[in-house]
$ cat work38.csv   # CSV, C-alpha atoms
chain,number,residue,atom,x,y,z
A,106,MET,CA,-198.3,124.3,302.8
A,107,LEU,CA,-200.5,124.2,299.6
A,108,THR,CA,-198.9,124.0,296.2
A,109,ARG,CA,-200.4,124.2,292.8
A,110,ALA,CA,-198.8,121.0,291.7
A,111,CYS,CA,-199.0,119.0,295.0
A,112,SER,CA,-200.6,120.2,298.1
A,113,SER,CA,-199.4,118.9,301.5
A,114,HIS,CA,-203.1,117.9,301.8
A,115,SER,CA,-203.4,116.5,298.3
A,116,SER,CA,-206.1,113.8,297.8
A,117,PRO,CA,-205.1,110.4,296.4
A,118,GLN,CA,-207.1,111.3,293.2
A,119,LEU,CA,-205.0,114.5,292.7
A,120,LEU,CA,-201.8,112.6,293.1
A,121,ARG,CA,-203.0,110.0,290.6
A,122,ARG,CA,-203.7,112.8,288.1
A,123,ILE,CA,-200.3,114.3,288.6
A,124,LEU,CA,-198.6,110.9,288.1
A,125,ALA,CA,-200.8,110.2,285.0
A,126,ALA,CA,-199.6,113.5,283.5
A,127,PHE,CA,-196.0,112.5,284.1
A,128,ALA,CA,-196.6,109.1,282.4
A,129,VAL,CA,-198.1,110.8,279.3
A,130,ALA,CA,-195.0,113.1,279.1
A,131,VAL,CA,-192.7,110.2,279.4
A,132,LEU,CA,-194.6,108.2,276.7
A,133,VAL,CA,-194.3,111.2,274.3
A,134,VAL,CA,-190.5,111.3,274.9
A,135,LEU,CA,-190.0,107.6,274.5
A,136,THR,CA,-192.0,107.2,271.3
A,137,SER,CA,-190.7,110.2,269.4
A,138,ALA,CA,-188.3,109.4,266.6
A,139,GLY,CA,-185.5,111.3,264.9
A,140,ARG,CA,-183.8,114.4,266.3
A,141,ALA,CA,-184.5,115.0,270.0
A,142,SER,CA,-186.3,118.2,271.1
A,143,ALA,CA,-183.2,119.1,273.1
A,144,ALA,CA,-185.1,121.2,275.6
A,145,PRO,CA,-187.3,120.9,278.7
A,146,PRO,CA,-191.0,121.7,278.4
A,147,THR,CA,-191.5,125.3,277.3
A,148,PRO,CA,-192.2,127.8,280.1
A,149,PRO,CA,-194.6,130.8,279.8
A,150,ASP,CA,-193.4,133.8,277.9
A,151,ALA,CA,-191.5,136.6,279.6
A,152,PRO,CA,-194.5,138.9,280.5
A,153,THR,CA,-196.4,135.9,282.0
A,154,SER,CA,-193.3,134.8,283.9
A,155,LEU,CA,-192.9,138.3,285.3
A,156,ALA,CA,-196.5,138.3,286.4
A,157,HIS,CA,-196.0,134.8,288.1
A,158,LEU,CA,-192.8,136.1,289.7
A,159,GLY,CA,-194.9,138.9,291.3
A,160,GLU,CA,-197.3,136.2,292.8
A,161,LEU,CA,-194.5,134.3,294.5
A,162,THR,CA,-194.2,134.7,298.3
A,163,VAL,CA,-191.0,136.4,299.4
A,164,SER,CA,-189.7,134.9,302.6
A,165,ALA,CA,-186.6,134.0,304.4
A,166,PRO,CA,-185.5,130.4,303.7
A,167,LEU,CA,-186.3,127.6,306.1
A,168,PRO,CA,-183.5,126.0,308.0
A,169,GLY,CA,-181.6,123.5,305.8
A,170,ASP,CA,-179.7,121.6,308.5
A,171,ASP,CA,-182.1,118.6,308.2
A,172,TYR,CA,-181.9,118.5,304.4
A,173,ASP,CA,-180.9,115.1,302.8
A,174,ARG,CA,-180.9,114.5,299.1
A,175,ASP,CA,-182.3,111.0,299.8
A,176,LEU,CA,-185.5,112.7,301.0
A,177,PHE,CA,-186.2,113.4,297.3
A,178,PRO,CA,-186.2,109.9,295.6
A,179,HIS,CA,-185.0,110.5,292.1
A,180,TRP,CA,-184.2,108.8,288.8
A,181,SER,CA,-187.4,106.8,289.3
A,182,ASP,CA,-188.4,104.0,286.9
A,183,GLN,CA,-190.3,105.4,283.9
A,184,GLY,CA,-191.0,102.1,282.2
A,185,ASP,CA,-189.4,100.5,279.1
A,186,SER,CA,-186.2,99.9,281.2
A,187,CYS,CA,-185.7,103.7,281.5
A,188,ASN,CA,-185.3,105.8,284.6
A,189,THR,CA,-185.8,109.6,284.7
A,190,ARG,CA,-182.2,110.4,284.0
A,191,GLU,CA,-182.2,108.3,280.8
A,192,VAL,CA,-185.5,109.8,279.6
A,193,VAL,CA,-184.0,113.3,279.9
A,194,LEU,CA,-180.7,112.2,278.2
A,195,LYS,CA,-182.8,111.0,275.2
A,196,ARG,CA,-185.0,114.1,275.2
A,197,ASP,CA,-182.3,116.7,275.5
A,198,GLY,CA,-179.7,115.1,273.2
A,199,THR,CA,-179.4,115.0,269.4
A,200,ASP,CA,-179.7,111.8,267.4
A,201,VAL,CA,-179.6,109.7,270.5
A,202,SER,CA,-179.7,105.9,270.2
A,203,THR,CA,-180.1,103.7,273.2
A,204,GLY,CA,-179.5,100.0,274.1
A,205,SER,CA,-182.0,97.6,275.5
A,206,ASP,CA,-181.3,99.0,278.9
A,207,CYS,CA,-182.2,102.5,277.7
A,208,TYR,CA,-178.6,103.8,278.3
A,209,PRO,CA,-177.4,106.0,275.3
A,210,THR,CA,-175.1,104.2,272.9
A,211,SER,CA,-174.6,107.3,270.7
A,212,GLY,CA,-175.7,110.9,270.4
A,213,SER,CA,-174.5,114.3,271.4
A,214,TRP,CA,-175.5,116.8,274.1
A,215,TYR,CA,-175.1,120.6,274.1
A,216,SER,CA,-175.0,122.2,277.5
A,217,VAL,CA,-176.8,125.5,277.4
A,218,TYR,CA,-175.2,126.6,280.7
A,219,ASP,CA,-171.6,126.8,279.4
A,220,GLY,CA,-171.9,126.1,275.6
A,221,GLU,CA,-170.0,122.8,275.8
A,222,THR,CA,-170.9,119.8,273.5
A,223,THR,CA,-170.1,116.2,274.3
A,224,SER,CA,-170.8,112.8,272.9
A,225,GLU,CA,-170.2,111.1,276.2
A,226,PRO,CA,-173.4,110.7,278.3
A,227,SER,CA,-171.2,110.1,281.4
A,228,ASP,CA,-170.1,113.8,281.1
A,229,ILE,CA,-173.7,115.0,281.3
A,230,ASP,CA,-175.6,115.6,284.5
A,231,ILE,CA,-179.3,116.0,284.8
A,232,ASP,CA,-179.8,119.3,286.6
A,233,HIS,CA,-182.7,120.1,288.8
A,234,MET,CA,-183.6,123.6,287.7
A,235,VAL,CA,-184.7,124.4,291.2
A,236,PRO,CA,-182.1,122.4,293.2
A,237,LEU,CA,-183.5,119.9,295.7
A,238,LYS,CA,-182.0,121.7,298.7
A,239,ASN,CA,-183.3,125.0,297.5
A,240,ALA,CA,-186.8,123.4,297.2
A,241,TRP,CA,-186.4,122.0,300.7
A,242,ILE,CA,-185.7,125.5,302.3
A,243,SER,CA,-188.4,127.0,300.1
A,244,GLY,CA,-191.2,124.8,301.3
A,245,ALA,CA,-190.6,121.2,300.2
A,246,ALA,CA,-189.6,120.3,303.8
A,247,ASN,CA,-193.3,120.3,304.5
A,248,TRP,CA,-194.2,117.9,301.6
A,249,SER,CA,-194.7,114.1,301.8
A,250,THR,CA,-192.0,111.8,300.3
A,251,SER,CA,-194.3,111.0,297.3
A,252,GLN,CA,-194.6,114.7,296.6
A,253,ARG,CA,-190.9,115.2,296.7
A,254,GLU,CA,-190.4,112.2,294.4
A,255,ALA,CA,-192.8,113.8,291.9
A,256,PHE,CA,-190.8,117.0,292.1
A,257,ALA,CA,-187.4,115.4,291.7
A,258,ASN,CA,-188.6,113.4,288.6
A,259,ASP,CA,-190.9,116.1,287.0
A,260,LEU,CA,-190.9,115.7,283.2
A,261,THR,CA,-194.0,117.8,282.8
A,262,HIS,CA,-192.6,121.1,283.9
A,263,PRO,CA,-189.1,122.6,283.1
A,264,GLN,CA,-187.5,121.2,286.2
A,265,LEU,CA,-185.0,118.8,284.6
A,266,ILE,CA,-182.3,119.7,282.0
A,267,ALA,CA,-179.2,117.8,280.6
A,268,VAL,CA,-176.1,120.0,281.1
A,269,SER,CA,-172.4,119.4,281.5
A,270,ASP,CA,-171.3,117.9,284.7
A,271,ASN,CA,-168.9,120.8,285.4
A,272,SER,CA,-171.6,123.4,285.1
A,273,ASN,CA,-174.1,121.5,287.2
A,274,GLN,CA,-171.5,121.0,289.9
A,275,GLU,CA,-170.6,124.7,289.7
A,276,LYS,CA,-174.3,125.6,290.1
A,277,SER,CA,-174.8,123.2,293.0
A,278,ASP,CA,-177.6,124.4,295.3
A,279,GLN,CA,-177.4,128.0,294.4
A,280,ASP,CA,-180.3,130.3,293.4
A,281,PRO,CA,-180.1,132.9,290.6
A,282,SER,CA,-178.8,135.6,293.0
A,283,GLN,CA,-175.8,133.3,293.6
A,284,TRP,CA,-175.3,131.6,290.2
A,285,LYS,CA,-176.3,132.2,286.6
A,286,PRO,CA,-175.4,130.3,283.4
A,287,GLN,CA,-172.1,131.3,281.9
A,288,GLU,CA,-173.9,131.8,278.6
A,289,THR,CA,-175.7,135.1,279.1
A,290,GLY,CA,-177.9,134.4,276.1
A,291,GLU,CA,-179.6,131.7,278.2
A,292,TRP,CA,-180.5,134.1,281.1
A,293,CYS,CA,-184.0,134.8,279.7
A,294,ILE,CA,-185.1,131.1,279.3
A,295,TYR,CA,-183.3,130.1,282.6
A,296,SER,CA,-185.2,132.7,284.6
A,297,ARG,CA,-188.5,131.6,283.0
A,298,TYR,CA,-187.7,128.0,283.8
A,299,TRP,CA,-186.9,128.8,287.4
A,300,ILE,CA,-190.0,131.0,287.9
A,301,GLU,CA,-192.3,128.4,286.4
A,302,VAL,CA,-191.1,125.6,288.7
A,303,LYS,CA,-191.4,127.9,291.8
A,304,TYR,CA,-194.8,129.1,290.7
A,305,VAL,CA,-196.2,125.6,290.0
A,306,TYR,CA,-195.1,124.3,293.3
A,307,GLU,CA,-195.7,127.5,295.3
A,308,LEU,CA,-192.2,127.6,296.6
A,309,THR,CA,-191.0,130.8,298.2
A,310,ILE,CA,-188.2,133.1,297.0
A,311,THR,CA,-185.8,135.5,298.7
A,312,ASP,CA,-185.6,139.2,298.0
A,313,ALA,CA,-182.2,138.7,296.4
A,314,GLU,CA,-183.5,135.8,294.3
A,315,LYS,CA,-186.5,137.9,293.1
A,316,ALA,CA,-184.2,140.8,292.2
A,317,ALA,CA,-181.9,138.5,290.2
A,318,LEU,CA,-184.8,136.9,288.3
A,319,THR,CA,-186.3,140.3,287.5
A,320,ASP,CA,-182.9,141.4,286.1
A,321,MET,CA,-182.6,138.2,284.1
A,322,LEU,CA,-186.1,138.6,282.6
A,323,GLY,CA,-185.0,142.0,281.4
A,324,SER,CA,-182.7,140.2,278.9
A,325,CYS,CA,-185.7,138.6,277.1

$ encode --input "work38.csv" --output "structure tokens"
Amino acid sequence: MLTRACSSHSSPQLLRRILAAFAVAVLVVLTSAGRASAAPPTPPDAPTSLAHLGELTVSAPLPGDDYDRDLFPHWSDQGDSCNTREVVLKRDGTDVSTGSDCYPTSGSWYSVYDGETTSEPSDIDIDHMVPLKNAWISGAANWSTSQREAFANDLTHPQLIAVSDNSNQEKSDQDPSQWKPQETGEWCIYSRYWIEVKYVYELTITDAEKAALTDMLGSC
């Protein structure tokens, strides 16, 4: 299966370009000072997202019995003693300070899924916008391990977001036809995030998923 971000037949040169882009994104995050941006990369606007949604392949999901989270190596080393989780904690928080090990020593995090704010990084999960299992049954089962690692640690696209652990666990592996953020004001951006990730990686969607995303885009 070919994907815009990482084809199953990707050349080593393409993979190096993808990883180089990730490295640039990480460098920007780690060197920025002051108040954090508190958001994943900006997705396309609503009309563009709707057009991209129309280009996605609607298909029944692949079997998920052979899914294993370990098939998506995540929280990879991002340099400067930071892993992917710590990079997102710094990016999505406010006034975040870190120790020499890159773990936050102070700061606060607002969870857009449920409107909760916390100053405890242990209460924050890094959500994969398109859950790893959903990606697996939408086409990632056909990817290489390196492609799945790139997906699970993607800082270039809106695939990772810091949210409360409760909301992340409630969402679990569900798609927008099964779960939506408690905060209805977030439905517009959430649907655009989701569509962008599926579009970039050419993952499939179900009929119910497409209907839910179309409805959510209507709130924009």

$ atom_distance --input "work38.csv" --atom1 "atom CA of A:Gly159" --atom2 "atom CA of A:Ile294"
17.3 Å

$ closest_residue --input "work38.csv" --among "A:Thr319, A:Thr289, A:Ser269, A:Asn258" --to "A:Pro178" --atoms "all atoms listed in the file"
A:Asn258

$ residues_around --input "work38.csv" --residues "A:Ser186" --least-positions-apart "5" --cutoff "9 Å" --atoms "only C-alpha atoms" --output "PyMOL selection string"
chain A and resi 205-207

$ residues_around --input "work38.csv" --residues "A:Tyr172" --least-positions-apart "6" --cutoff "8 Å" --atoms "all atoms listed in the file" --output "PyMOL selection string"
chain A and resi 238+241+246

$ atom_distance --input "work38.csv" --atom1 "atom CA of A:Val235" --atom2 "atom CA of A:Glu314"
11.9 Å

$ atom_distance --input "work38.csv" --atom1 "atom CA of A:Gln264" --atom2 "atom CA of A:Asp175"
17.8 Å

$ closest_residue --input "work38.csv" --among "A:Thr210, A:Ser164, A:Thr250, A:Asn271" --to "A:Gln287" --atoms "all atoms listed in the file"
A:Asn271

$ residues_around --input "work38.csv" --residues "A:Ser154" --least-positions-apart "4" --cutoff "10 Å" --atoms "all atoms listed in the file" --output "PyMOL selection string"
chain A and resi 148-150+158-160+296-301+304+318-319+322

$ write_last_selection --input "work38.csv" --atoms "C-alpha atoms" --output "PDB file, in the coordinates of the input"
ATOM      1  CA  PRO A 148    -192.200 127.800 280.100  1.00  0.00           C
ATOM      2  CA  PRO A 149    -194.600 130.800 279.800  1.00  0.00           C
ATOM      3  CA  ASP A 150    -193.400 133.800 277.900  1.00  0.00           C
ATOM      4  CA  LEU A 158    -192.800 136.100 289.700  1.00  0.00           C
ATOM      5  CA  GLY A 159    -194.900 138.900 291.300  1.00  0.00           C
ATOM      6  CA  GLU A 160    -197.300 136.200 292.800  1.00  0.00           C
ATOM      7  CA  SER A 296    -185.200 132.700 284.600  1.00  0.00           C
ATOM      8  CA  ARG A 297    -188.500 131.600 283.000  1.00  0.00           C
ATOM      9  CA  TYR A 298    -187.700 128.000 283.800  1.00  0.00           C
ATOM     10  CA  TRP A 299    -186.900 128.800 287.400  1.00  0.00           C
ATOM     11  CA  ILE A 300    -190.000 131.000 287.900  1.00  0.00           C
ATOM     12  CA  GLU A 301    -192.300 128.400 286.400  1.00  0.00           C
ATOM     13  CA  TYR A 304    -194.800 129.100 290.700  1.00  0.00           C
ATOM     14  CA  LEU A 318    -184.800 136.900 288.300  1.00  0.00           C
ATOM     15  CA  THR A 319    -186.300 140.300 287.500  1.00  0.00           C
ATOM     16  CA  LEU A 322    -186.100 138.600 282.600  1.00  0.00           C
TER      17      LEU A 322
END

$ closest_residue --input "work38.csv" --among "A:Leu260, A:Leu176, A:Val193, A:Val302" --to "A:Met234" --atoms "all atoms listed in the file"
A:Val302

$ residues_around --input "work38.csv" --residues "stretch 213-227 of chain A" --least-positions-apart "6" --cutoff "7 Å" --atoms "only C-alpha atoms" --output "list in words"
Asp197, Gly198, Thr199, Val201, Ala267, Val268, Ser269, Ser272, Pro286, Gln287, Glu288 and Glu291 of chain A

$ closest_residue --input "work38.csv" --among "A:Ser181, A:Asn239, A:Thr261, A:Ser249" --to "A:Pro146" --atoms "all atoms listed in the file"
A:Thr261

$ residues_near_point --input "work38.csv" --point "(-191.1, 134.4, 298.9)" --cutoff "12 Å" --atoms "all atoms listed in the file" --output "ChimeraX atom specification"
/A:157-167,240,242-244,300,303-304,307-316

$ closest_residue --input "work38.csv" --among "A:Gly290, A:Asp259, A:Pro152, A:Asn247" --to "A:Arg190" --atoms "all atoms listed in the file"
A:Asp259

$ closest_residue --input "work38.csv" --among "A:Asp232, A:Glu191, A:Asp200, A:Asp170" --to "A:Asp278" --atoms "all atoms listed in the file"
A:Asp232
